[in-house]
Structure formats: structure tokens, C-alpha cells
Amino acid sequence: MLVISRKVDESVMLGDTIVLTVLAIEGDRVKIGITAPRETIILRQEIYQAVQDQEKIQELLAKETESEAFEQLRKLLVSESEKENDGQERSEDAP
């Protein structure tokens, strides 16, 4: 991971067409402006992950028989739930 320090009104270029600009810093929150071509899809990570999970579910349901698909779906949901619970426990333990 690349870590870059920026102040308000300073920017970072991603490739030739995407500009990230720090608009404001308010306590522990940073407001970032993004300038990108219209065809560039920009999603928060949690939304992106939810879309990826939905696509996995659709693929499983399309290629498996009904009982196999539901078993695979159940396993996927259990593993995702365990990941979320593990991440929450770690963040609560952090100083």
C-alpha cells in the first residue's frame, strides 16, 4: 500500500485521468473529491464488496443444481458472517 500525506486542497493523480483532492479534514473524517471520466465506476469499498458477493451468488445459482447451489450459498454466507464478526472483534480490541 502506498501512503501519501496531503493537506487540504492538495491532490493525488491516479493514472492520467483521475484526481483525488482533499477537500476538508474534520476531526477523524476526511472529505475527498474525485474527478474522473463518467465511464469510471466509483464505489465505496463496502458497496463494491456487496456487488462482488451478489455476483458470486448469481454464478453459484446459475451453474449448480438447486440443492447444491443452496448448500454453496449457505457456506458462503457463513464464511462472510465469520469474516465480519472477526473484523468487528479486532476493531473493538484496538486501542
# chains A, B, ... in the order shown; residues from 1 in each chain; ligands from 1
call {"tool": "residues_around", "arguments": {"residues": "region 1-10 of chain A", "least_positions_apart": "2", "cutoff": "12 Å", "atoms": "only C-alpha atoms", "output": "ChimeraX atom specification"}}
result
/A:12-14,19-26,30-33
call {"tool": "select_by_dssp", "arguments": {"residues": "chain A", "states": "strand (DSSP E)", "output": "list in words"}}
result
Ser11, Val12, Met13, Leu14, Ile18, Val19, Leu20, Thr21, Val22, Leu23, Ala24, Ile25, Glu26, Arg29, Val30, Lys31, Ile32, Gly33, Ile34 and Thr35 of chain A
call {"tool": "write_last_selection", "arguments": {"atoms": "N, CA and C atoms", "output": "tab-separated table (two decimals), in the first residue's frame"}}
result
chain	number	residue	atom	x	y	z
A	11	SER	N	-3.81	17.42	-4.04
A	11	SER	CA	-4.38	16.33	-4.83
A	11	SER	C	-3.39	15.21	-5.06
A	12	VAL	N	-3.93	14.09	-5.53
A	12	VAL	CA	-3.16	12.92	-5.95
A	12	VAL	C	-3.72	12.49	-7.29
A	13	MET	N	-2.84	12.17	-8.24
A	13	MET	CA	-3.27	11.69	-9.56
A	13	MET	C	-3.23	10.17	-9.57
A	14	LEU	N	-4.29	9.56	-10.11
A	14	LEU	CA	-4.33	8.12	-10.37
A	14	LEU	C	-4.36	7.96	-11.88
A	18	ILE	N	-7.67	10.47	-13.36
A	18	ILE	CA	-8.38	10.52	-12.08
A	18	ILE	C	-7.59	11.37	-11.09
A	19	VAL	N	-8.29	12.33	-10.48
A	19	VAL	CA	-7.68	13.22	-9.50
A	19	VAL	C	-8.44	13.09	-8.18
A	20	LEU	N	-7.71	12.80	-7.10
A	20	LEU	CA	-8.29	12.79	-5.76
A	20	LEU	C	-7.82	14.05	-5.05
A	21	THR	N	-8.76	14.83	-4.52
A	21	THR	CA	-8.41	16.08	-3.86
A	21	THR	C	-8.95	16.07	-2.43
A	22	VAL	N	-8.11	16.42	-1.47
A	22	VAL	CA	-8.56	16.55	-0.09
A	22	VAL	C	-9.32	17.86	0.03
A	23	LEU	N	-10.62	17.77	0.34
A	23	LEU	CA	-11.45	18.96	0.43
A	23	LEU	C	-11.50	19.52	1.83
A	24	ALA	N	-11.54	18.64	2.83
A	24	ALA	CA	-11.62	19.10	4.22
A	24	ALA	C	-11.20	17.98	5.15
A	25	ILE	N	-10.73	18.37	6.31
A	25	ILE	CA	-10.42	17.43	7.38
A	25	ILE	C	-11.18	17.91	8.60
A	26	GLU	N	-12.11	17.07	9.07
A	26	GLU	CA	-12.96	17.43	10.21
A	26	GLU	C	-12.84	16.34	11.26
A	29	ARG	N	-12.48	12.55	10.24
A	29	ARG	CA	-13.07	12.35	8.91
A	29	ARG	C	-12.35	13.21	7.88
A	30	VAL	N	-12.13	12.64	6.72
A	30	VAL	CA	-11.50	13.36	5.62
A	30	VAL	C	-12.48	13.37	4.46
A	31	LYS	N	-12.77	14.54	3.92
A	31	LYS	CA	-13.63	14.64	2.74
A	31	LYS	C	-12.73	14.68	1.52
A	32	ILE	N	-13.03	13.79	0.57
A	32	ILE	CA	-12.21	13.66	-0.63
A	32	ILE	C	-13.09	13.90	-1.85
A	33	GLY	N	-12.61	14.75	-2.76
A	33	GLY	CA	-13.28	14.96	-4.03
A	33	GLY	C	-12.60	14.11	-5.09
A	34	ILE	N	-13.40	13.53	-5.98
A	34	ILE	CA	-12.87	12.67	-7.03
A	34	ILE	C	-13.29	13.23	-8.39
A	35	THR	N	-12.31	13.51	-9.24
A	35	THR	CA	-12.57	13.91	-10.61
A	35	THR	C	-12.14	12.75	-11.51
call {"tool": "select_by_dssp", "arguments": {"residues": "chain A", "states": "helix (DSSP H, G or I)", "output": "PDB file with N, CA and C atoms, in the first residue's frame"}}
result
ATOM      1  N   GLN A  45     -15.851   0.908  -0.730  1.00  0.00           N
ATOM      2  CA  GLN A  45     -15.391  -0.477  -0.693  1.00  0.00           C
ATOM      3  C   GLN A  45     -16.490  -1.431  -0.239  1.00  0.00           C
ATOM      4  N   GLU A  46     -17.273  -1.070   0.769  1.00  0.00           N
ATOM      5  CA  GLU A  46     -18.301  -1.983   1.264  1.00  0.00           C
ATOM      6  C   GLU A  46     -19.391  -2.228   0.219  1.00  0.00           C
ATOM      7  N   ILE A  47     -19.679  -1.227  -0.602  1.00  0.00           N
ATOM      8  CA  ILE A  47     -20.655  -1.404  -1.679  1.00  0.00           C
ATOM      9  C   ILE A  47     -20.050  -2.290  -2.774  1.00  0.00           C
ATOM     10  N   TYR A  48     -18.801  -2.046  -3.122  1.00  0.00           N
ATOM     11  CA  TYR A  48     -18.114  -2.863  -4.121  1.00  0.00           C
ATOM     12  C   TYR A  48     -18.105  -4.329  -3.693  1.00  0.00           C
ATOM     13  N   GLN A  49     -17.792  -4.582  -2.415  1.00  0.00           N
ATOM     14  CA  GLN A  49     -17.746  -5.959  -1.915  1.00  0.00           C
ATOM     15  C   GLN A  49     -19.123  -6.601  -1.957  1.00  0.00           C
ATOM     16  N   ALA A  50     -20.175  -5.850  -1.634  1.00  0.00           N
ATOM     17  CA  ALA A  50     -21.532  -6.386  -1.694  1.00  0.00           C
ATOM     18  C   ALA A  50     -21.904  -6.767  -3.128  1.00  0.00           C
ATOM     19  N   VAL A  51     -21.506  -5.959  -4.090  1.00  0.00           N
ATOM     20  CA  VAL A  51     -21.766  -6.267  -5.502  1.00  0.00           C
ATOM     21  C   VAL A  51     -21.026  -7.544  -5.895  1.00  0.00           C
ATOM     22  N   GLN A  52     -19.766  -7.676  -5.483  1.00  0.00           N
ATOM     23  CA  GLN A  52     -18.989  -8.880  -5.788  1.00  0.00           C
ATOM     24  C   GLN A  52     -19.643 -10.118  -5.187  1.00  0.00           C
ATOM     25  N   ASP A  53     -20.126 -10.009  -3.940  1.00  0.00           N
ATOM     26  CA  ASP A  53     -20.794 -11.130  -3.290  1.00  0.00           C
ATOM     27  C   ASP A  53     -22.064 -11.526  -4.040  1.00  0.00           C
ATOM     28  N   GLN A  54     -22.822 -10.538  -4.486  1.00  0.00           N
ATOM     29  CA  GLN A  54     -24.043 -10.823  -5.249  1.00  0.00           C
ATOM     30  C   GLN A  54     -23.719 -11.546  -6.554  1.00  0.00           C
ATOM     31  N   GLU A  55     -22.639 -11.136  -7.209  1.00  0.00           N
ATOM     32  CA  GLU A  55     -22.238 -11.797  -8.449  1.00  0.00           C
ATOM     33  C   GLU A  55     -21.831 -13.243  -8.200  1.00  0.00           C
ATOM     34  N   LYS A  56     -21.136 -13.510  -7.070  1.00  0.00           N
ATOM     35  CA  LYS A  56     -20.775 -14.886  -6.721  1.00  0.00           C
ATOM     36  C   LYS A  56     -22.026 -15.723  -6.512  1.00  0.00           C
ATOM     37  N   ILE A  57     -23.005 -15.166  -5.808  1.00  0.00           N
ATOM     38  CA  ILE A  57     -24.254 -15.879  -5.547  1.00  0.00           C
ATOM     39  C   ILE A  57     -24.973 -16.187  -6.858  1.00  0.00           C
ATOM     40  N   GLN A  58     -25.030 -15.209  -7.757  1.00  0.00           N
ATOM     41  CA  GLN A  58     -25.686 -15.431  -9.044  1.00  0.00           C
ATOM     42  C   GLN A  58     -24.993 -16.529  -9.838  1.00  0.00           C
ATOM     43  N   GLU A  59     -23.664 -16.537  -9.825  1.00  0.00           N
ATOM     44  CA  GLU A  59     -22.916 -17.572 -10.536  1.00  0.00           C
ATOM     45  C   GLU A  59     -23.207 -18.950  -9.956  1.00  0.00           C
ATOM     46  N   LEU A  60     -23.211 -19.047  -8.627  1.00  0.00           N
ATOM     47  CA  LEU A  60     -23.491 -20.332  -7.985  1.00  0.00           C
ATOM     48  C   LEU A  60     -24.883 -20.834  -8.333  1.00  0.00           C
ATOM     49  N   LEU A  61     -25.851 -19.956  -8.267  1.00  0.00           N
ATOM     50  CA  LEU A  61     -27.223 -20.367  -8.549  1.00  0.00           C
ATOM     51  C   LEU A  61     -27.413 -20.750 -10.014  1.00  0.00           C
ATOM     52  N   ALA A  62     -26.650 -20.130 -10.908  1.00  0.00           N
ATOM     53  CA  ALA A  62     -26.792 -20.408 -12.330  1.00  0.00           C
ATOM     54  C   ALA A  62     -26.155 -21.741 -12.729  1.00  0.00           C
ATOM     55  N   LYS A  63     -25.075 -22.136 -12.074  1.00  0.00           N
ATOM     56  CA  LYS A  63     -24.353 -23.323 -12.533  1.00  0.00           C
ATOM     57  C   LYS A  63     -24.616 -24.585 -11.723  1.00  0.00           C
ATOM     58  N   GLU A  66     -30.222 -27.082  -7.752  1.00  0.00           N
ATOM     59  CA  GLU A  66     -30.829 -26.291  -6.674  1.00  0.00           C
ATOM     60  C   GLU A  66     -30.266 -26.646  -5.297  1.00  0.00           C
ATOM     61  N   SER A  67     -30.215 -27.912  -4.941  1.00  0.00           N
ATOM     62  CA  SER A  67     -29.746 -28.287  -3.606  1.00  0.00           C
ATOM     63  C   SER A  67     -28.264 -27.957  -3.429  1.00  0.00           C
ATOM     64  N   GLU A  68     -27.452 -28.200  -4.463  1.00  0.00           N
ATOM     65  CA  GLU A  68     -26.028 -27.868  -4.373  1.00  0.00           C
ATOM     66  C   GLU A  68     -25.821 -26.358  -4.270  1.00  0.00           C
ATOM     67  N   ALA A  69     -26.600 -25.611  -5.016  1.00  0.00           N
ATOM     68  CA  ALA A  69     -26.466 -24.159  -5.007  1.00  0.00           C
ATOM     69  C   ALA A  69     -26.795 -23.594  -3.638  1.00  0.00           C
ATOM     70  N   PHE A  70     -27.852 -24.086  -3.029  1.00  0.00           N
ATOM     71  CA  PHE A  70     -28.218 -23.579  -1.711  1.00  0.00           C
ATOM     72  C   PHE A  70     -27.194 -23.956  -0.649  1.00  0.00           C
ATOM     73  N   GLU A  71     -26.586 -25.140  -0.783  1.00  0.00           N
ATOM     74  CA  GLU A  71     -25.538 -25.531   0.160  1.00  0.00           C
ATOM     75  C   GLU A  71     -24.315 -24.633  -0.009  1.00  0.00           C
ATOM     76  N   GLN A  72     -23.913 -24.348  -1.260  1.00  0.00           N
ATOM     77  CA  GLN A  72     -22.793 -23.441  -1.512  1.00  0.00           C
ATOM     78  C   GLN A  72     -23.102 -22.040  -1.000  1.00  0.00           C
ATOM     79  N   LEU A  73     -24.333 -21.588  -1.219  1.00  0.00           N
ATOM     80  CA  LEU A  73     -24.747 -20.271  -0.749  1.00  0.00           C
ATOM     81  C   LEU A  73     -24.689 -20.206   0.772  1.00  0.00           C
ATOM     82  N   ARG A  74     -25.154 -21.244   1.431  1.00  0.00           N
ATOM     83  CA  ARG A  74     -25.119 -21.281   2.891  1.00  0.00           C
ATOM     84  C   ARG A  74     -23.677 -21.182   3.391  1.00  0.00           C
ATOM     85  N   LYS A  75     -22.767 -21.931   2.779  1.00  0.00           N
ATOM     86  CA  LYS A  75     -21.358 -21.894   3.177  1.00  0.00           C
ATOM     87  C   LYS A  75     -20.760 -20.509   2.949  1.00  0.00           C
ATOM     88  N   LEU A  76     -21.089 -19.883   1.828  1.00  0.00           N
ATOM     89  CA  LEU A  76     -20.583 -18.545   1.523  1.00  0.00           C
ATOM     90  C   LEU A  76     -21.058 -17.541   2.556  1.00  0.00           C
ATOM     91  N   LEU A  77     -22.341 -17.587   2.889  1.00  0.00           N
ATOM     92  CA  LEU A  77     -22.893 -16.642   3.854  1.00  0.00           C
ATOM     93  C   LEU A  77     -22.298 -16.850   5.245  1.00  0.00           C
ATOM     94  N   VAL A  78     -22.091 -18.102   5.630  1.00  0.00           N
ATOM     95  CA  VAL A  78     -21.478 -18.392   6.930  1.00  0.00           C
ATOM     96  C   VAL A  78     -20.055 -17.850   6.968  1.00  0.00           C
ATOM     97  N   SER A  79     -19.283 -18.080   5.899  1.00  0.00           N
ATOM     98  CA  SER A  79     -17.896 -17.609   5.894  1.00  0.00           C
ATOM     99  C   SER A  79     -17.832 -16.082   5.904  1.00  0.00           C
ATOM    100  N   GLU A  80     -18.729 -15.409   5.166  1.00  0.00           N
ATOM    101  CA  GLU A  80     -18.750 -13.950   5.155  1.00  0.00           C
ATOM    102  C   GLU A  80     -19.141 -13.412   6.531  1.00  0.00           C
ATOM    103  N   SER A  81     -20.089 -14.064   7.177  1.00  0.00           N
ATOM    104  CA  SER A  81     -20.520 -13.644   8.509  1.00  0.00           C
ATOM    105  C   SER A  81     -19.378 -13.782   9.513  1.00  0.00           C
ATOM    106  N   GLU A  82     -18.626 -14.869   9.405  1.00  0.00           N
ATOM    107  CA  GLU A  82     -17.482 -15.080  10.292  1.00  0.00           C
ATOM    108  C   GLU A  82     -16.412 -14.020  10.060  1.00  0.00           C
ATOM    109  N   LYS A  83     -16.161 -13.644   8.795  1.00  0.00           N
ATOM    110  CA  LYS A  83     -15.185 -12.597   8.491  1.00  0.00           C
ATOM    111  C   LYS A  83     -15.603 -11.270   9.119  1.00  0.00           C
ATOM    112  N   GLU A  84     -16.890 -10.924   8.992  1.00  0.00           N
ATOM    113  CA  GLU A  84     -17.384  -9.660   9.549  1.00  0.00           C
ATOM    114  C   GLU A  84     -17.259  -9.655  11.058  1.00  0.00           C
ATOM    115  N   ASN A  85     -17.637 -10.765  11.698  1.00  0.00           N
ATOM    116  CA  ASN A  85     -17.548 -10.846  13.155  1.00  0.00           C
ATOM    117  C   ASN A  85     -16.110 -10.772  13.615  1.00  0.00           C
ATOM    118  N   ASP A  86     -15.201 -11.410  12.903  1.00  0.00           N
ATOM    119  CA  ASP A  86     -13.782 -11.373  13.249  1.00  0.00           C
ATOM    120  C   ASP A  86     -13.249  -9.957  13.127  1.00  0.00           C
ATOM    121  N   GLY A  87     -13.614  -9.238  12.074  1.00  0.00           N
ATOM    122  CA  GLY A  87     -13.169  -7.860  11.876  1.00  0.00           C
ATOM    123  C   GLY A  87     -13.706  -6.931  12.943  1.00  0.00           C
ATOM    124  N   GLN A  88     -14.952  -7.135  13.377  1.00  0.00           N
ATOM    125  CA  GLN A  88     -15.532  -6.296  14.421  1.00  0.00           C
ATOM    126  C   GLN A  88     -14.846  -6.537  15.752  1.00  0.00           C
ATOM    127  N   GLU A  89     -14.532  -7.809  16.046  1.00  0.00           N
ATOM    128  CA  GLU A  89     -13.847  -8.108  17.299  1.00  0.00           C
ATOM    129  C   GLU A  89     -12.483  -7.448  17.334  1.00  0.00           C
ATOM    130  N   ARG A  90     -11.774  -7.470  16.207  1.00  0.00           N
ATOM    131  CA  ARG A  90     -10.441  -6.850  16.166  1.00  0.00           C
ATOM    132  C   ARG A  90     -10.526  -5.351  16.355  1.00  0.00           C
ATOM    133  N   SER A  91     -11.505  -4.696  15.704  1.00  0.00           N
ATOM    134  CA  SER A  91     -11.605  -3.243  15.811  1.00  0.00           C
ATOM    135  C   SER A  91     -12.023  -2.826  17.221  1.00  0.00           C
ATOM    136  N   GLU A  92     -12.797  -3.669  17.905  1.00  0.00           N
ATOM    137  CA  GLU A  92     -13.182  -3.346  19.284  1.00  0.00           C
ATOM    138  C   GLU A  92     -12.020  -3.519  20.236  1.00  0.00           C
ATOM    139  N   ASP A  93     -11.107  -4.436  19.923  1.00  0.00           N
ATOM    140  CA  ASP A  93      -9.950  -4.678  20.776  1.00  0.00           C
ATOM    141  C   ASP A  93      -8.862  -3.635  20.569  1.00  0.00           C
TER     142      ASP A  93
END
call {"tool": "decode", "arguments": {"residues": "region 8-56 of chain A", "atoms": "N, CA and C atoms", "output": "PDB file, in the first residue's frame"}}
result
ATOM      1  N   VAL A   8      -5.279  19.973   2.970  1.00  0.00           N
ATOM      2  CA  VAL A   8      -6.492  20.453   2.315  1.00  0.00           C
ATOM      3  C   VAL A   8      -6.123  21.163   1.021  1.00  0.00           C
ATOM      4  N   ASP A   9      -6.866  20.907  -0.020  1.00  0.00           N
ATOM      5  CA  ASP A   9      -6.695  21.448  -1.375  1.00  0.00           C
ATOM      6  C   ASP A   9      -5.510  20.854  -2.134  1.00  0.00           C
ATOM      7  N   GLU A  10      -4.849  19.837  -1.589  1.00  0.00           N
ATOM      8  CA  GLU A  10      -3.804  19.138  -2.326  1.00  0.00           C
ATOM      9  C   GLU A  10      -4.406  17.883  -2.949  1.00  0.00           C
ATOM     10  N   SER A  11      -3.812  17.423  -4.045  1.00  0.00           N
ATOM     11  CA  SER A  11      -4.382  16.329  -4.827  1.00  0.00           C
ATOM     12  C   SER A  11      -3.389  15.206  -5.063  1.00  0.00           C
ATOM     13  N   VAL A  12      -3.934  14.088  -5.526  1.00  0.00           N
ATOM     14  CA  VAL A  12      -3.162  12.921  -5.947  1.00  0.00           C
ATOM     15  C   VAL A  12      -3.722  12.490  -7.290  1.00  0.00           C
ATOM     16  N   MET A  13      -2.842  12.172  -8.238  1.00  0.00           N
ATOM     17  CA  MET A  13      -3.267  11.688  -9.556  1.00  0.00           C
ATOM     18  C   MET A  13      -3.234  10.167  -9.568  1.00  0.00           C
ATOM     19  N   LEU A  14      -4.292   9.558 -10.110  1.00  0.00           N
ATOM     20  CA  LEU A  14      -4.327   8.119 -10.368  1.00  0.00           C
ATOM     21  C   LEU A  14      -4.360   7.960 -11.882  1.00  0.00           C
ATOM     22  N   GLY A  15      -3.261   7.542 -12.442  1.00  0.00           N
ATOM     23  CA  GLY A  15      -3.169   7.478 -13.893  1.00  0.00           C
ATOM     24  C   GLY A  15      -3.213   8.883 -14.474  1.00  0.00           C
ATOM     25  N   ASP A  16      -3.741   8.976 -15.696  1.00  0.00           N
ATOM     26  CA  ASP A  16      -3.798  10.268 -16.377  1.00  0.00           C
ATOM     27  C   ASP A  16      -5.130  10.975 -16.234  1.00  0.00           C
ATOM     28  N   THR A  17      -6.149  10.273 -15.707  1.00  0.00           N
ATOM     29  CA  THR A  17      -7.498  10.842 -15.773  1.00  0.00           C
ATOM     30  C   THR A  17      -8.235  10.961 -14.448  1.00  0.00           C
ATOM     31  N   ILE A  18      -7.672  10.473 -13.360  1.00  0.00           N
ATOM     32  CA  ILE A  18      -8.380  10.518 -12.078  1.00  0.00           C
ATOM     33  C   ILE A  18      -7.590  11.366 -11.090  1.00  0.00           C
ATOM     34  N   VAL A  19      -8.294  12.325 -10.475  1.00  0.00           N
ATOM     35  CA  VAL A  19      -7.679  13.218  -9.497  1.00  0.00           C
ATOM     36  C   VAL A  19      -8.441  13.092  -8.185  1.00  0.00           C
ATOM     37  N   LEU A  20      -7.715  12.802  -7.099  1.00  0.00           N
ATOM     38  CA  LEU A  20      -8.286  12.792  -5.757  1.00  0.00           C
ATOM     39  C   LEU A  20      -7.817  14.054  -5.053  1.00  0.00           C
ATOM     40  N   THR A  21      -8.759  14.832  -4.518  1.00  0.00           N
ATOM     41  CA  THR A  21      -8.412  16.085  -3.856  1.00  0.00           C
ATOM     42  C   THR A  21      -8.953  16.066  -2.434  1.00  0.00           C
ATOM     43  N   VAL A  22      -8.109  16.419  -1.470  1.00  0.00           N
ATOM     44  CA  VAL A  22      -8.559  16.546  -0.085  1.00  0.00           C
ATOM     45  C   VAL A  22      -9.321  17.862   0.028  1.00  0.00           C
ATOM     46  N   LEU A  23     -10.616  17.767   0.340  1.00  0.00           N
ATOM     47  CA  LEU A  23     -11.451  18.959   0.428  1.00  0.00           C
ATOM     48  C   LEU A  23     -11.499  19.524   1.833  1.00  0.00           C
ATOM     49  N   ALA A  24     -11.535  18.643   2.831  1.00  0.00           N
ATOM     50  CA  ALA A  24     -11.620  19.102   4.218  1.00  0.00           C
ATOM     51  C   ALA A  24     -11.199  17.982   5.153  1.00  0.00           C
ATOM     52  N   ILE A  25     -10.734  18.372   6.313  1.00  0.00           N
ATOM     53  CA  ILE A  25     -10.415  17.433   7.383  1.00  0.00           C
ATOM     54  C   ILE A  25     -11.185  17.910   8.601  1.00  0.00           C
ATOM     55  N   GLU A  26     -12.110  17.067   9.066  1.00  0.00           N
ATOM     56  CA  GLU A  26     -12.960  17.432  10.208  1.00  0.00           C
ATOM     57  C   GLU A  26     -12.841  16.342  11.261  1.00  0.00           C
ATOM     58  N   GLY A  27     -12.005  16.556  12.256  1.00  0.00           N
ATOM     59  CA  GLY A  27     -11.791  15.533  13.277  1.00  0.00           C
ATOM     60  C   GLY A  27     -11.137  14.312  12.668  1.00  0.00           C
ATOM     61  N   ASP A  28     -11.801  13.155  12.807  1.00  0.00           N
ATOM     62  CA  ASP A  28     -11.248  11.922  12.254  1.00  0.00           C
ATOM     63  C   ASP A  28     -11.809  11.601  10.874  1.00  0.00           C
ATOM     64  N   ARG A  29     -12.478  12.547  10.245  1.00  0.00           N
ATOM     65  CA  ARG A  29     -13.066  12.347   8.914  1.00  0.00           C
ATOM     66  C   ARG A  29     -12.346  13.214   7.884  1.00  0.00           C
ATOM     67  N   VAL A  30     -12.133  12.640   6.719  1.00  0.00           N
ATOM     68  CA  VAL A  30     -11.500  13.356   5.621  1.00  0.00           C
ATOM     69  C   VAL A  30     -12.479  13.370   4.456  1.00  0.00           C
ATOM     70  N   LYS A  31     -12.769  14.542   3.917  1.00  0.00           N
ATOM     71  CA  LYS A  31     -13.630  14.645   2.737  1.00  0.00           C
ATOM     72  C   LYS A  31     -12.730  14.682   1.515  1.00  0.00           C
ATOM     73  N   ILE A  32     -13.026  13.787   0.570  1.00  0.00           N
ATOM     74  CA  ILE A  32     -12.212  13.660  -0.630  1.00  0.00           C
ATOM     75  C   ILE A  32     -13.089  13.904  -1.851  1.00  0.00           C
ATOM     76  N   GLY A  33     -12.610  14.747  -2.756  1.00  0.00           N
ATOM     77  CA  GLY A  33     -13.281  14.956  -4.032  1.00  0.00           C
ATOM     78  C   GLY A  33     -12.600  14.107  -5.093  1.00  0.00           C
ATOM     79  N   ILE A  34     -13.404  13.529  -5.984  1.00  0.00           N
ATOM     80  CA  ILE A  34     -12.866  12.672  -7.034  1.00  0.00           C
ATOM     81  C   ILE A  34     -13.291  13.230  -8.394  1.00  0.00           C
ATOM     82  N   THR A  35     -12.309  13.506  -9.239  1.00  0.00           N
ATOM     83  CA  THR A  35     -12.573  13.910 -10.614  1.00  0.00           C
ATOM     84  C   THR A  35     -12.140  12.755 -11.505  1.00  0.00           C
ATOM     85  N   ALA A  36     -13.123  12.211 -12.261  1.00  0.00           N
ATOM     86  CA  ALA A  36     -12.837  11.051 -13.107  1.00  0.00           C
ATOM     87  C   ALA A  36     -13.763  11.067 -14.308  1.00  0.00           C
ATOM     88  N   PRO A  37     -13.392  10.358 -15.381  1.00  0.00           N
ATOM     89  CA  PRO A  37     -14.292  10.259 -16.535  1.00  0.00           C
ATOM     90  C   PRO A  37     -15.620   9.615 -16.126  1.00  0.00           C
ATOM     91  N   ARG A  38     -16.691   9.999 -16.817  1.00  0.00           N
ATOM     92  CA  ARG A  38     -18.022   9.484 -16.489  1.00  0.00           C
ATOM     93  C   ARG A  38     -18.094   7.965 -16.523  1.00  0.00           C
ATOM     94  N   GLU A  39     -17.342   7.327 -17.413  1.00  0.00           N
ATOM     95  CA  GLU A  39     -17.421   5.874 -17.537  1.00  0.00           C
ATOM     96  C   GLU A  39     -16.710   5.136 -16.403  1.00  0.00           C
ATOM     97  N   THR A  40     -15.997   5.859 -15.544  1.00  0.00           N
ATOM     98  CA  THR A  40     -15.312   5.246 -14.414  1.00  0.00           C
ATOM     99  C   THR A  40     -16.314   5.014 -13.287  1.00  0.00           C
ATOM    100  N   ILE A  41     -16.426   3.774 -12.860  1.00  0.00           N
ATOM    101  CA  ILE A  41     -17.324   3.435 -11.759  1.00  0.00           C
ATOM    102  C   ILE A  41     -16.580   3.685 -10.457  1.00  0.00           C
ATOM    103  N   ILE A  42     -17.208   4.444  -9.551  1.00  0.00           N
ATOM    104  CA  ILE A  42     -16.606   4.764  -8.266  1.00  0.00           C
ATOM    105  C   ILE A  42     -17.574   4.298  -7.182  1.00  0.00           C
ATOM    106  N   LEU A  43     -17.115   3.369  -6.345  1.00  0.00           N
ATOM    107  CA  LEU A  43     -17.939   2.825  -5.273  1.00  0.00           C
ATOM    108  C   LEU A  43     -17.156   2.812  -3.968  1.00  0.00           C
ATOM    109  N   ARG A  44     -17.858   2.991  -2.858  1.00  0.00           N
ATOM    110  CA  ARG A  44     -17.225   2.746  -1.560  1.00  0.00           C
ATOM    111  C   ARG A  44     -16.891   1.258  -1.483  1.00  0.00           C
ATOM    112  N   GLN A  45     -15.851   0.908  -0.730  1.00  0.00           N
ATOM    113  CA  GLN A  45     -15.391  -0.477  -0.693  1.00  0.00           C
ATOM    114  C   GLN A  45     -16.490  -1.431  -0.239  1.00  0.00           C
ATOM    115  N   GLU A  46     -17.273  -1.070   0.769  1.00  0.00           N
ATOM    116  CA  GLU A  46     -18.301  -1.983   1.264  1.00  0.00           C
ATOM    117  C   GLU A  46     -19.391  -2.228   0.219  1.00  0.00           C
ATOM    118  N   ILE A  47     -19.679  -1.227  -0.602  1.00  0.00           N
ATOM    119  CA  ILE A  47     -20.655  -1.404  -1.679  1.00  0.00           C
ATOM    120  C   ILE A  47     -20.050  -2.290  -2.774  1.00  0.00           C
ATOM    121  N   TYR A  48     -18.801  -2.046  -3.122  1.00  0.00           N
ATOM    122  CA  TYR A  48     -18.114  -2.863  -4.121  1.00  0.00           C
ATOM    123  C   TYR A  48     -18.105  -4.329  -3.693  1.00  0.00           C
ATOM    124  N   GLN A  49     -17.792  -4.582  -2.415  1.00  0.00           N
ATOM    125  CA  GLN A  49     -17.746  -5.959  -1.915  1.00  0.00           C
ATOM    126  C   GLN A  49     -19.123  -6.601  -1.957  1.00  0.00           C
ATOM    127  N   ALA A  50     -20.175  -5.850  -1.634  1.00  0.00           N
ATOM    128  CA  ALA A  50     -21.532  -6.386  -1.694  1.00  0.00           C
ATOM    129  C   ALA A  50     -21.904  -6.767  -3.128  1.00  0.00           C
ATOM    130  N   VAL A  51     -21.506  -5.959  -4.090  1.00  0.00           N
ATOM    131  CA  VAL A  51     -21.766  -6.267  -5.502  1.00  0.00           C
ATOM    132  C   VAL A  51     -21.026  -7.544  -5.895  1.00  0.00           C
ATOM    133  N   GLN A  52     -19.766  -7.676  -5.483  1.00  0.00           N
ATOM    134  CA  GLN A  52     -18.989  -8.880  -5.788  1.00  0.00           C
ATOM    135  C   GLN A  52     -19.643 -10.118  -5.187  1.00  0.00           C
ATOM    136  N   ASP A  53     -20.126 -10.009  -3.940  1.00  0.00           N
ATOM    137  CA  ASP A  53     -20.794 -11.130  -3.290  1.00  0.00           C
ATOM    138  C   ASP A  53     -22.064 -11.526  -4.040  1.00  0.00           C
ATOM    139  N   GLN A  54     -22.822 -10.538  -4.486  1.00  0.00           N
ATOM    140  CA  GLN A  54     -24.043 -10.823  -5.249  1.00  0.00           C
ATOM    141  C   GLN A  54     -23.719 -11.546  -6.554  1.00  0.00           C
ATOM    142  N   GLU A  55     -22.639 -11.136  -7.209  1.00  0.00           N
ATOM    143  CA  GLU A  55     -22.238 -11.797  -8.449  1.00  0.00           C
ATOM    144  C   GLU A  55     -21.831 -13.243  -8.200  1.00  0.00           C
ATOM    145  N   LYS A  56     -21.136 -13.510  -7.070  1.00  0.00           N
ATOM    146  CA  LYS A  56     -20.775 -14.886  -6.721  1.00  0.00           C
ATOM    147  C   LYS A  56     -22.026 -15.723  -6.512  1.00  0.00           C
TER     148      LYS A  56
END
